[in-house]
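Quick look at target20.cif (mmCIF, C-alpha atoms):
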data_run
#
loop_
_atom_site.label_atom_id
_atom_site.label_comp_id
_atom_site.auth_asym_id
_atom_site.auth_seq_id
_atom_site.Cartn_x
_atom_site.Cartn_y
_atom_site.Cartn_z
CA MET A 11 0.00 0.00 0.00
CA MET A 12 1.29 3.43 -0.90
CA ASP A 13 2.03 5.87 1.90
CA ARG A 14 2.48 8.69 -0.64
CA SER A 15 -1.11 9.82 -0.26
CA ARG A 16 -2.64 12.11 -2.86
CA GLN A 17 -5.73 13.35 -1.05
CA GLY A 18 -8.46 14.35 -3.47
CA ASN A 19 -7.46 11.90 -6.20
CA SER A 20 -8.46 8.74 -4.41
CA PHE A 21 -11.92 7.23 -4.02
CA ARG A 22 -13.37 4.68 -1.71
CA VAL A 23 -13.79 1.28 -3.30
CA GLU A 24 -17.51 1.19 -2.47
CA ASP A 25 -18.05 4.61 -4.10
CA PHE A 26 -16.11 3.53 -7.16
CA VAL A 27 -18.04 0.27 -7.59
CA GLU A 28 -21.38 2.07 -7.13
CA SER A 29 -20.33 4.72 -9.64
CA LEU A 30 -19.16 2.16 -12.22
CA THR A 31 -22.37 0.17 -11.81
CA SER A 32 -24.38 3.34 -12.31
CA GLN A 33 -22.39 4.12 -15.50
CA LEU A 34 -23.14 0.67 -16.87
CA ASP A 35 -26.81 1.08 -15.95
CA ARG A 36 -26.85 4.25 -18.04
CA ALA A 37 -25.30 2.35 -20.97
CA GLN A 38 -27.97 -0.34 -20.47
CA ASP A 39 -30.75 2.29 -20.55
CA ALA A 40 -29.29 3.91 -23.67
CA LEU A 41 -29.21 0.54 -25.49
CA ALA A 42 -32.81 -0.17 -24.47
CA TYR A 43 -34.00 3.22 -25.75
CA LYS A 44 -32.20 2.61 -29.06
CA ALA A 45 -33.97 -0.72 -29.38
CA ARG A 46 -37.33 0.93 -28.64
CA ALA A 47 -36.61 3.60 -31.21
CA GLY A 48 -36.90 0.93 -33.88
CA ARG A 49 -33.41 -0.45 -34.38
CA PRO A 50 -34.09 -4.20 -34.29
CA LEU A 51 -30.51 -5.34 -34.79
CA THR A 52 -28.71 -3.47 -32.09
CA PHE A 53 -25.95 -5.15 -30.10
CA ALA A 54 -26.29 -5.84 -26.42
CA LEU A 55 -23.42 -5.78 -24.00
CA LYS A 56 -23.15 -9.34 -22.74
CA ASP A 57 -20.01 -9.46 -20.63
CA LEU A 58 -17.57 -6.80 -19.60
CA ASP A 59 -14.27 -7.06 -17.73
CA VAL A 60 -12.40 -3.93 -16.76
CA ASP A 61 -8.78 -4.09 -15.62
CA LEU A 62 -7.56 -0.99 -13.84
CA LYS A 63 -4.05 -0.01 -12.85
CA VAL A 64 -4.41 1.50 -9.41
CA PHE A 65 -2.65 2.30 -6.20
CA TRP A 66 -4.24 1.62 -2.84
CA GLU A 67 -4.54 4.21 -0.14
CA SER A 68 -6.48 4.47 3.08
CA ASP A 69 -8.41 7.52 4.19
CA ARG A 70 -8.57 9.02 7.67
CA GLU A 71 -11.27 6.59 8.73
CA GLY A 72 -9.11 3.68 7.64
CA LYS A 73 -11.26 2.78 4.64
CA LEU A 74 -9.52 1.57 1.50
CA ALA A 75 -9.40 3.95 -1.43
CA LEU A 76 -8.30 3.61 -5.06
CA ARG A 77 -6.21 6.03 -7.06
CA HIS A 78 -5.49 5.50 -10.74
CA ALA A 79 -1.82 5.06 -11.58
CA GLY A 80 -0.15 8.13 -13.06
CA PRO A 81 2.45 8.33 -15.85
CA ASN A 82 5.69 6.41 -15.16
CA GLU A 83 4.50 5.17 -11.77
CA GLU A 84 5.82 1.68 -11.19
CA GLY A 85 4.25 -1.07 -9.14
CA ALA A 86 0.58 -0.39 -9.72
CA SER A 87 -1.90 -3.11 -8.79
CA THR A 88 -4.29 -4.51 -11.35
CA VAL A 89 -7.91 -4.66 -10.22
CA LYS A 90 -10.24 -6.65 -12.41
CA PHE A 91 -13.99 -6.01 -12.35
CA SER A 92 -16.30 -8.42 -14.17
CA PHE A 93 -19.87 -7.62 -15.19
CA THR A 94 -22.04 -10.05 -17.01
CA THR A 95 -25.03 -10.38 -19.34
CA ILE A 96 -26.91 -7.24 -20.01
CA THR A 97 -29.11 -8.47 -22.83
CA ARG A 98 -31.44 -6.25 -24.79
CA SER A 99 -34.56 -7.83 -23.34
CA MET A 100 -33.19 -7.49 -19.81
CA ALA A 101 -32.22 -3.92 -20.56
CA GLU A 102 -35.77 -3.17 -21.69
CA GLU A 103 -37.24 -4.91 -18.67
CA ASN A 104 -35.07 -3.06 -16.22
CA ALA A 105 -35.04 0.38 -17.81
CA ILE A 106 -36.99 3.09 -16.05
CA PRO A 107 -40.16 3.70 -18.08
CA LEU A 108 -40.34 7.20 -19.50
CA GLY A 109 -43.33 9.31 -18.58
CA VAL A 110 -44.46 7.54 -15.39
CA ASP A 111 -42.54 9.69 -12.95
CA GLU A 112 -44.79 11.88 -10.81
CA ASP A 113 -42.15 14.63 -10.85
CA PRO A 114 -39.48 14.20 -13.56
CA ARG A 115 -37.45 17.28 -12.62
CA ASP A 116 -33.72 16.72 -12.17
CA LEU A 117 -32.53 16.41 -8.56
CA SER A 118 -30.36 19.51 -8.99
CA VAL A 119 -33.47 21.68 -8.44
CA LEU A 120 -33.30 20.62 -4.76
CA LYS A 121 -29.76 21.91 -4.38
CA SER A 122 -29.38 24.53 -1.67
CA GLU A 123 -27.21 25.29 1.33
CA GLU A 124 -29.79 23.89 3.74
CA GLY A 125 -30.95 21.13 1.37
CA LEU A 126 -28.98 18.77 -0.84
CA SER A 127 -25.35 19.33 -1.78
CA ASP A 128 -23.69 18.26 -5.04
CA GLU A 129 -22.19 15.32 -3.18
CA ASP A 130 -25.61 14.25 -1.82
CA ILE A 131 -27.07 14.38 -5.33
CA GLN A 132 -24.22 12.24 -6.68
CA LYS A 133 -24.78 9.67 -3.93
CA LEU A 134 -28.50 9.52 -4.74
CA ASN A 135 -27.81 9.28 -8.49
CA ARG A 136 -25.55 6.32 -7.90
CA VAL A 137 -28.35 4.30 -6.32
CA GLY A 138 -30.68 5.18 -9.19
CA VAL A 139 -32.47 8.19 -7.68
CA GLN A 140 -32.29 10.63 -10.60
CA THR A 141 -35.47 12.69 -10.38
CA VAL A 142 -37.43 14.59 -7.75
CA GLY A 143 -40.27 12.06 -8.11
CA GLN A 144 -37.94 9.14 -7.34
CA PHE A 145 -36.48 11.10 -4.41
CA LYS A 146 -39.97 11.63 -2.96
CA ARG A 147 -40.83 7.96 -3.43
CA VAL A 148 -37.65 6.78 -1.66
CA SER A 149 -38.13 9.34 1.13
CA ARG A 150 -41.69 8.17 1.76
CA SER A 151 -40.55 4.59 2.30
CA THR A 152 -37.38 5.32 4.28
CA HIS A 153 -37.05 6.62 7.83
CA PRO A 154 -35.10 9.92 7.95
CA ASN A 155 -32.51 8.41 10.32
CA GLU A 156 -32.00 5.51 7.95
CA PHE A 157 -31.56 8.05 5.16
CA GLU A 158 -28.93 9.87 7.22
CA ASN A 159 -27.07 6.65 8.04
CA HIS A 160 -26.96 5.42 4.46
CA PHE A 161 -26.48 8.62 2.47
CA GLY A 162 -24.99 10.89 5.15
CA ILE A 163 -27.70 13.50 4.51
CA PRO A 164 -28.62 15.18 7.84
CA VAL A 165 -32.29 14.96 8.82
CA ASN A 166 -32.75 18.76 8.69
CA ASN A 167 -31.31 18.93 5.17
CA LEU A 168 -33.55 16.07 4.12
CA ARG A 169 -36.56 17.91 5.55
CA GLU A 170 -35.60 21.10 3.67
CA ALA A 171 -35.13 19.15 0.41
CA LEU A 172 -38.52 17.46 0.82
CA GLU A 173 -40.18 20.80 1.55
CA ARG A 174 -38.56 22.28 -1.55
CA SER A 175 -39.64 19.28 -3.63
CA SER A 176 -43.30 19.79 -2.68
CA ARG A 177 -43.51 23.50 -3.58
CA PRO A 178 -45.56 24.33 -6.67
CA THR A 179 -43.34 25.10 -9.66
CA VAL A 180 -43.98 26.18 -13.24
CA THR A 181 -41.68 24.67 -15.88
CA GLY A 182 -43.40 25.72 -19.11
CA HIS A 183 -46.64 26.45 -20.93
CA ASN A 184 -48.47 26.19 -24.26
CA THR A 185 -51.08 28.46 -25.77
CA ILE A 186 -53.86 26.41 -27.28
CA VAL A 187 -56.62 27.70 -29.57
CA LYS A 188 -59.74 25.56 -29.74
CA ASN A 189 -62.89 26.65 -31.57
CA GLY A 190 -61.60 30.20 -31.46
CA ARG A 191 -61.15 30.02 -27.67
CA ARG A 192 -57.68 30.69 -26.35
CA MET A 193 -56.45 28.50 -23.53
CA LEU A 194 -53.26 28.12 -21.62
CA ARG A 195 -51.79 24.76 -20.69
CA ILE A 196 -49.33 25.14 -17.83
CA TYR A 197 -46.74 22.46 -17.00
CA GLY A 198 -44.96 22.07 -13.69
CA ALA A 199 -44.90 20.16 -10.44
CA ASN A 200 -47.18 20.15 -7.39
CA LEU A 201 -49.76 22.26 -9.23
CA ARG A 202 -52.65 20.57 -7.43
CA ASN A 203 -53.03 19.21 -3.93
CA GLY A 204 -56.48 17.76 -3.45
CA VAL A 205 -58.51 20.79 -4.49
CA ILE A 206 -58.46 22.76 -7.73
CA PRO A 207 -55.91 25.57 -7.39
CA GLU A 208 -56.68 29.25 -7.86
CA VAL A 209 -55.06 30.80 -10.94
CA GLN A 210 -54.78 34.53 -11.61
CA ILE A 211 -53.51 36.60 -14.52
CA ALA A 212 -52.52 40.14 -13.62
CA GLY A 213 -54.39 39.70 -10.33
CA GLU A 214 -57.67 38.58 -11.95
CA PRO A 215 -58.95 35.06 -11.22
CA ILE A 216 -59.43 32.92 -14.32
CA GLU A 217 -61.26 29.68 -15.03
CA VAL A 218 -59.41 26.40 -14.40
CA LEU A 219 -60.70 23.75 -16.80
CA GLU A 220 -58.42 20.84 -15.90
CA ALA A 221 -56.00 20.34 -13.04
CA SER A 222 -53.49 17.66 -12.18
CA LYS A 223 -50.23 17.70 -10.22
CA THR A 224 -48.20 18.31 -13.35
CA GLU A 225 -50.58 20.15 -15.72
CA LEU A 226 -53.27 22.83 -15.64
CA LEU A 227 -55.57 23.94 -18.45
CA VAL A 228 -56.87 27.46 -17.87
CA ARG A 229 -58.82 29.99 -19.89
CA PRO A 230 -57.47 33.56 -19.86
CA LEU A 231 -59.99 36.39 -20.17
CA ALA A 232 -60.36 38.02 -23.61
CA HIS A 233 -58.15 40.98 -22.73
CA HIS A 234 -55.31 38.83 -21.36
CA THR A 235 -52.70 38.75 -24.11
CA GLU A 236 -49.55 38.67 -22.00
CA GLY A 237 -48.41 39.03 -18.46
CA ARG A 238 -47.72 37.13 -15.29
CA PHE A 239 -49.83 34.22 -14.15
CA ASP A 240 -49.91 33.06 -10.55
CA ILE A 241 -50.98 29.66 -9.26
CA PHE A 242 -51.92 29.35 -5.58
CA VAL A 243 -51.68 25.89 -4.03
CA ASP A 244 -51.99 25.43 -0.26
CA GLY A 245 -50.93 29.03 0.41
CA GLU A 246 -47.85 28.73 -1.81
CA ARG A 247 -47.50 30.55 -5.12
CA ALA A 248 -45.86 29.60 -8.40
CA SER A 249 -45.56 32.13 -11.22
CA GLY A 250 -44.75 32.33 -14.89
CA PHE A 251 -45.06 34.73 -17.81
CA PHE A 252 -47.02 34.18 -20.98
CA SER A 253 -47.82 35.99 -24.18
CA ALA A 254 -50.46 34.88 -26.66
CA PRO A 255 -52.32 36.26 -29.66
CA PRO A 256 -55.62 37.96 -28.75
CA GLU A 257 -58.78 35.89 -28.89
CA ARG A 258 -60.52 36.01 -32.31
CA PRO A 259 -63.79 37.96 -32.44
CA GLN A 260 -66.82 35.66 -32.26
CA ALA A 261 -67.82 36.44 -35.90
CA ASP A 262 -64.51 35.01 -37.17
CA ALA A 263 -64.53 32.05 -34.87
CA SER A 264 -65.36 29.20 -37.19
CA PRO A 265 -64.63 25.68 -35.99
CA ALA A 266 -61.24 24.75 -37.32
CA PRO A 267 -60.60 21.17 -38.45
CA SER A 268 -57.27 21.17 -36.67
CA ASP A 269 -56.62 23.51 -33.81
CA ALA A 270 -53.28 25.19 -33.46
CA ALA A 271 -51.10 25.55 -30.45
CA GLU A 272 -48.02 27.56 -30.03
CA PRO A 273 -45.49 26.05 -27.65
CA ARG A 274 -43.78 28.61 -25.47
CA TYR A 275 -41.49 26.84 -23.11
CA LYS A 276 -39.80 28.49 -20.23
CA GLY A 277 -37.60 26.78 -17.71
CA ALA A 278 -36.27 23.27 -17.98
CA SER A 279 -39.28 21.43 -19.39
CA LYS A 280 -38.61 19.65 -22.68
CA ARG A 281 -41.93 17.88 -22.79
CA LYS A 282 -43.69 17.69 -26.14
CA GLU A 283 -47.44 17.58 -26.27
CA PRO A 284 -49.85 16.76 -29.06
CA TYR A 285 -51.19 20.18 -29.85
CA ASP A 286 -54.56 19.11 -31.25
CA GLU A 287 -57.09 19.07 -28.49
CA MET B 16 -9.32 11.19 -28.52
CA MET B 17 -10.56 12.75 -25.31
CA MET B 18 -11.10 10.96 -22.02
CA MET B 19 -14.78 10.11 -21.76
CA ALA B 20 -17.05 8.44 -19.24
CA ALA B 21 -16.79 4.64 -19.43
CA ASP B 22 -20.44 4.21 -20.44
CA GLN B 23 -19.99 6.73 -23.24
CA LEU B 24 -16.93 4.95 -24.64
CA LEU B 25 -18.76 1.61 -24.53
CA LEU B 26 -21.71 3.10 -26.42
CA GLU B 27 -19.33 4.62 -29.00
CA LEU B 28 -17.68 1.23 -29.51
CA ILE B 29 -21.02 -0.53 -29.89
CA GLU B 30 -22.20 2.19 -32.31
CA ALA B 31 -19.06 1.64 -34.41
CA PHE B 32 -20.10 -1.96 -35.10
CA GLU B 33 -23.71 -1.19 -35.88
CA GLY B 34 -23.10 0.64 -39.13
CA HIS B 35 -22.74 -2.40 -41.38
CA ARG B 36 -25.87 -3.94 -42.89
CA SER B 37 -26.28 -5.21 -46.41
CA ASP B 38 -28.78 -3.29 -48.58
CA THR B 39 -28.92 -6.03 -51.21
CA PRO B 40 -32.06 -8.11 -50.85
CA CYS B 41 -31.24 -11.78 -50.51
CA VAL B 42 -32.83 -14.96 -49.22
CA ALA B 43 -30.41 -15.41 -46.35
CA ASP B 44 -28.47 -12.56 -44.84
CA VAL B 45 -25.24 -13.17 -42.97
CA VAL B 46 -24.77 -10.95 -39.98
CA VAL B 47 -22.23 -10.65 -37.22
CA THR B 48 -23.76 -11.97 -34.02
CA ASP B 49 -20.90 -11.82 -31.53
CA ILE B 50 -17.99 -9.46 -31.15
CA ALA B 51 -15.25 -9.82 -28.56
CA LEU B 52 -13.30 -6.67 -27.87
CA ASP B 53 -10.04 -6.74 -25.99
CA LEU B 54 -8.58 -3.27 -25.77
CA PRO B 55 -5.89 -1.52 -23.81
CA VAL B 56 -7.28 1.71 -22.38
CA GLU B 57 -6.06 4.74 -20.51
CA THR B 58 -8.05 5.01 -17.30
CA GLN B 59 -8.69 7.84 -14.89
CA ILE B 60 -11.01 8.10 -11.94
CA HIS B 61 -12.59 11.55 -12.02
CA LYS B 62 -14.67 13.55 -9.55
CA GLY B 63 -17.55 11.56 -8.10
CA ALA B 64 -15.57 8.31 -8.56
CA THR B 65 -16.55 8.33 -12.24
CA LEU B 66 -14.42 6.03 -14.39
CA CYS B 67 -13.20 7.77 -17.53
CA LEU B 68 -11.52 5.93 -20.39
CA SER B 69 -9.71 6.67 -23.59
CA LEU B 70 -8.17 4.42 -26.19
CA PRO B 71 -4.36 4.59 -25.93
CA ARG B 72 -2.91 7.90 -27.10
CA GLY B 73 0.80 7.02 -26.94
CA ARG B 74 3.45 8.68 -24.84
CA LEU B 75 3.00 12.10 -23.27
CA ASN B 76 4.97 15.07 -24.63
CA THR B 77 7.30 14.65 -21.68
CA GLY B 78 8.12 11.14 -22.86
CA PHE B 79 6.39 9.55 -19.88
CA ARG B 80 4.32 6.47 -20.47
CA VAL B 81 0.74 6.31 -19.24
CA PRO B 82 -0.11 2.96 -17.63
CA HIS B 83 -2.78 1.12 -19.54
CA GLY B 84 -5.70 -0.78 -18.11
CA ARG B 85 -7.73 -3.12 -20.24
CA ILE B 86 -11.34 -3.78 -21.14
CA HIS B 87 -12.72 -7.04 -22.44
CA ALA B 88 -16.24 -6.66 -23.77
CA ARG B 89 -18.43 -9.26 -25.46
CA LEU B 90 -21.19 -7.84 -27.63
CA GLN B 91 -24.06 -10.03 -28.72
CA ARG B 92 -26.63 -9.19 -31.35
CA SER B 93 -30.13 -10.50 -30.82
CA ILE B 94 -31.80 -11.22 -34.17
CA GLU B 95 -35.51 -10.61 -34.48
CA HIS B 96 -37.37 -12.54 -37.11
CA ASP B 97 -39.38 -10.50 -39.60
CA GLY B 98 -42.21 -12.99 -39.36
#
Write the structure described by the file as structure tokens, please.
Amino acid sequence: MMDRSRQGNSFRVEDFVESLTSQLDRAQDALAYKARAGRPLTFALKDLDVDLKVFWESDREGKLALRHAGPNEEGASTVKFSFTTITRSMAEENAIPLGVDEDPRDLSVLKSEEGLSDEDIQKLNRVGVQTVGQFKRVSRSTHPNEFENHFGIPVNNLREALERSSRPTVTGHNTIVKNGRRMLRIYGANLRNGVIPEVQIAGEPIEVLEASKTELLVRPLAHHTEGRFDIFVDGERASGFFSAPPERPQADASPAPSDAAEPRYKGASKRKEPYDE
Amino acid sequence: MMMMAADQLLLELIEAFEGHRSDTPCVADVVVTDIALDLPVETQIHKGATLCLSLPRGRLNTGFRVPHGRIHARLQRSIEHDG
């Protein structure tokens, strides 16, 4: 074992194995998505061995750590990792289905001084917790102390992150025109909690036609062509800005065979919607 | 070639073998079903214990030699029948 420690360049074996497994999981997911995208003859990764030239170190707590060998360093150990059989059908079976997550936002939105740190997010990513929805699901089924013991995330920081994850948030919106009526579809998270939320544009309440946790369909008043909209859920407010063409006068409003919608995304949402209602 | 995350390099390698497919219609098509790769690689462990790899790039400008690890990967193609 080397006593010439290079703090900062070495990693605990358990962290390294978790990280490498997570990398291979990502490769597995990517292969499954390619297969679903209609490429019937794609290769699957069946077996993989990785030989690494490393030096061993131990950290302050006495745990073993790996450091990759640098140029012209003699006497490196060879560590051999073997992974086996990731077939296409297994990859498809085990891949996380797209579109079923209750809150698909990236975990980085929970980053704050009192909440999750970069390191916490990396630890969660390694065990497959990639989105806010998955984080909520794991938190619901795990005692906070257990969470602290396993991930090293203090209970107060976990509480702050959970509180942040449950705040209403707007990630984007579409303007939809149907039978000459202009509507606004708002995307986000925590947009409904039991009862239909109140939505205002420029301080005026507007009609909410549909409401779910991740989507609202609202009808702006005729004179609302742009401005700020506010959504009130359980005393918390989420806001966004919209601009839309004015509503057509009733005389011109003939039923259109296909209704148009103009996507106007703000924030991180990349979701695509069928625009015909 | 730049150092890249191990999963990315694996996907690039797999992609490299997926390009070939005969366009000529024929009764029986011959396809590659298994590929065994045995490659020396430069390895680095980056922030977050992420393994990064590169195919060998030779000696450094200083003349130093970078130690090489190795990956052995077996790729298998699953053939779906057209019916």
Tell me, counting all atoms listed in the file, for each residue of chain A within 8 Å of chain B, which pair of atoms is nearest and how far apart they are in Å to one decimal, in rows ordered by chain and increasing number, as JSON lines.
{"residue": "A:Asn19", "atom": "CA", "partner": "B:Ile60", "partner_atom": "CA", "distance": 7.7}
{"residue": "A:Ser20", "atom": "CA", "partner": "B:Ile60", "partner_atom": "CA", "distance": 8.0}
{"residue": "A:Phe21", "atom": "CA", "partner": "B:Ala64", "partner_atom": "CA", "distance": 5.9}
{"residue": "A:Asp25", "atom": "CA", "partner": "B:Ala64", "partner_atom": "CA", "distance": 6.3}
{"residue": "A:Phe26", "atom": "CA", "partner": "B:Ala64", "partner_atom": "CA", "distance": 5.0}
{"residue": "A:Ser29", "atom": "CA", "partner": "B:Thr65", "partner_atom": "CA", "distance": 5.8}
{"residue": "A:Leu30", "atom": "CA", "partner": "B:Leu66", "partner_atom": "CA", "distance": 6.5}
{"residue": "A:Gln33", "atom": "CA", "partner": "B:Asp22", "partner_atom": "CA", "distance": 5.3}
{"residue": "A:Leu34", "atom": "CA", "partner": "B:Asp22", "partner_atom": "CA", "distance": 5.7}
{"residue": "A:Arg36", "atom": "CA", "partner": "B:Asp22", "partner_atom": "CA", "distance": 6.8}
{"residue": "A:Ala37", "atom": "CA", "partner": "B:Asp22", "partner_atom": "CA", "distance": 5.2}
{"residue": "A:Leu41", "atom": "CA", "partner": "B:Leu26", "partner_atom": "CA", "distance": 8.0}
{"residue": "A:Pro50", "atom": "CA", "partner": "B:Glu95", "partner_atom": "CA", "distance": 6.6}
{"residue": "A:Leu51", "atom": "CA", "partner": "B:Ile94", "partner_atom": "CA", "distance": 6.1}
{"residue": "A:Thr52", "atom": "CA", "partner": "B:Arg92", "partner_atom": "CA", "distance": 6.1}
{"residue": "A:Phe53", "atom": "CA", "partner": "B:Arg92", "partner_atom": "CA", "distance": 4.3}
{"residue": "A:Ala54", "atom": "CA", "partner": "B:Gln91", "partner_atom": "CA", "distance": 5.3}
{"residue": "A:Leu55", "atom": "CA", "partner": "B:Leu90", "partner_atom": "CA", "distance": 4.7}
{"residue": "A:Lys56", "atom": "CA", "partner": "B:Arg89", "partner_atom": "CA", "distance": 5.4}
{"residue": "A:Asp57", "atom": "CA", "partner": "B:Arg89", "partner_atom": "CA", "distance": 5.1}
{"residue": "A:Leu58", "atom": "CA", "partner": "B:Ala88", "partner_atom": "CA", "distance": 4.4}
{"residue": "A:Asp59", "atom": "CA", "partner": "B:His87", "partner_atom": "CA", "distance": 5.0}
{"residue": "A:Val60", "atom": "CA", "partner": "B:Ile86", "partner_atom": "CA", "distance": 4.5}
{"residue": "A:Asp61", "atom": "CA", "partner": "B:Arg85", "partner_atom": "CA", "distance": 4.8}
{"residue": "A:Leu62", "atom": "CA", "partner": "B:Gly84", "partner_atom": "CA", "distance": 4.7}
{"residue": "A:Lys63", "atom": "CA", "partner": "B:Gly84", "partner_atom": "CA", "distance": 5.6}
{"residue": "A:Arg77", "atom": "CA", "partner": "B:Ile60", "partner_atom": "CA", "distance": 7.2}
{"residue": "A:His78", "atom": "CA", "partner": "B:Gln59", "partner_atom": "CA", "distance": 5.7}
{"residue": "A:Ala79", "atom": "CA", "partner": "B:Pro82", "partner_atom": "CA", "distance": 6.6}
{"residue": "A:Gly80", "atom": "CA", "partner": "B:Val81", "partner_atom": "CA", "distance": 6.5}
{"residue": "A:Pro81", "atom": "CA", "partner": "B:Val81", "partner_atom": "CA", "distance": 4.3}
{"residue": "A:Asn82", "atom": "CA", "partner": "B:Arg80", "partner_atom": "CA", "distance": 5.5}
{"residue": "A:Glu83", "atom": "CA", "partner": "B:Pro82", "partner_atom": "CA", "distance": 7.8}
{"residue": "A:Thr88", "atom": "CA", "partner": "B:Gly84", "partner_atom": "CA", "distance": 7.8}
{"residue": "A:Thr97", "atom": "CA", "partner": "B:Gln91", "partner_atom": "CA", "distance": 7.9}
{"residue": "A:Arg98", "atom": "CA", "partner": "B:Ser93", "partner_atom": "CA", "distance": 7.5}
{"residue": "A:Glu129", "atom": "CA", "partner": "B:Gly63", "partner_atom": "CA", "distance": 7.7}
{"residue": "A:Gln132", "atom": "CA", "partner": "B:Gly63", "partner_atom": "CA", "distance": 6.9}
Filtering to C-alpha atoms, could you give me those residues as a CSV table (one decimal), in the coordinates of the input?
chain,number,residue,atom,x,y,z
A,19,ASN,CA,-7.5,11.9,-6.2
A,20,SER,CA,-8.5,8.7,-4.4
A,21,PHE,CA,-11.9,7.2,-4.0
A,25,ASP,CA,-18.0,4.6,-4.1
A,26,PHE,CA,-16.1,3.5,-7.2
A,29,SER,CA,-20.3,4.7,-9.6
A,30,LEU,CA,-19.2,2.2,-12.2
A,33,GLN,CA,-22.4,4.1,-15.5
A,34,LEU,CA,-23.1,0.7,-16.9
A,36,ARG,CA,-26.8,4.2,-18.0
A,37,ALA,CA,-25.3,2.4,-21.0
A,41,LEU,CA,-29.2,0.5,-25.5
A,50,PRO,CA,-34.1,-4.2,-34.3
A,51,LEU,CA,-30.5,-5.3,-34.8
A,52,THR,CA,-28.7,-3.5,-32.1
A,53,PHE,CA,-26.0,-5.2,-30.1
A,54,ALA,CA,-26.3,-5.8,-26.4
A,55,LEU,CA,-23.4,-5.8,-24.0
A,56,LYS,CA,-23.2,-9.3,-22.7
A,57,ASP,CA,-20.0,-9.5,-20.6
A,58,LEU,CA,-17.6,-6.8,-19.6
A,59,ASP,CA,-14.3,-7.1,-17.7
A,60,VAL,CA,-12.4,-3.9,-16.8
A,61,ASP,CA,-8.8,-4.1,-15.6
A,62,LEU,CA,-7.6,-1.0,-13.8
A,63,LYS,CA,-4.0,0.0,-12.8
A,77,ARG,CA,-6.2,6.0,-7.1
A,78,HIS,CA,-5.5,5.5,-10.7
A,79,ALA,CA,-1.8,5.1,-11.6
A,80,GLY,CA,-0.2,8.1,-13.1
A,81,PRO,CA,2.4,8.3,-15.8
A,82,ASN,CA,5.7,6.4,-15.2
A,83,GLU,CA,4.5,5.2,-11.8
A,88,THR,CA,-4.3,-4.5,-11.4
A,97,THR,CA,-29.1,-8.5,-22.8
A,98,ARG,CA,-31.4,-6.2,-24.8
A,129,GLU,CA,-22.2,15.3,-3.2
A,132,GLN,CA,-24.2,12.2,-6.7
- Could you give me, as number ranges by chain, the residues within 6 Å of range 170-174 of chain A, counting all atoms listed in the file and dropping anything in the same chain fewer than 2 positions from it? A: 120, 125, 167-168, 176-177
Take the residues that were just selected and, keeping C-alpha atoms, output them as a PDB file, in the frame of the given file.
ATOM      1  CA  LEU A 120     -33.300  20.620  -4.760  1.00  0.00           C
ATOM      2  CA  GLY A 125     -30.950  21.130   1.370  1.00  0.00           C
ATOM      3  CA  ASN A 167     -31.310  18.930   5.170  1.00  0.00           C
ATOM      4  CA  LEU A 168     -33.550  16.070   4.120  1.00  0.00           C
ATOM      5  CA  SER A 176     -43.300  19.790  -2.680  1.00  0.00           C
ATOM      6  CA  ARG A 177     -43.510  23.500  -3.580  1.00  0.00           C
TER       7      ARG A 177
END
- Item | Residues returned when the PyMOL selection byres ((chain A and resi 195-203) around 8) runs on this file, as a ChimeraX atom specification | /A:113,176-186,193-194,204-207,221-228,241,243-244,279
- Message: As an exercise, work out the distance from CA of Glu67 in chain A to CA of Asn135 in chain A in Å and give it to one decimal place.
- Response: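 Straight-line distance from CA of Glu67 in chain A to CA of Asn135 in chain A works out to 25.2 Å.
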- How many Å separate CA of Gly213 in chain A from CA of Arg238 in chain A?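 We find that CA of Gly213 in chain A and CA of Arg238 in chain A lie 8.7 Å from each other.
With CA of Glu71 in chain A on one side and CA of Ser32 in chain A on the other, the separation reads 25.0 Å.
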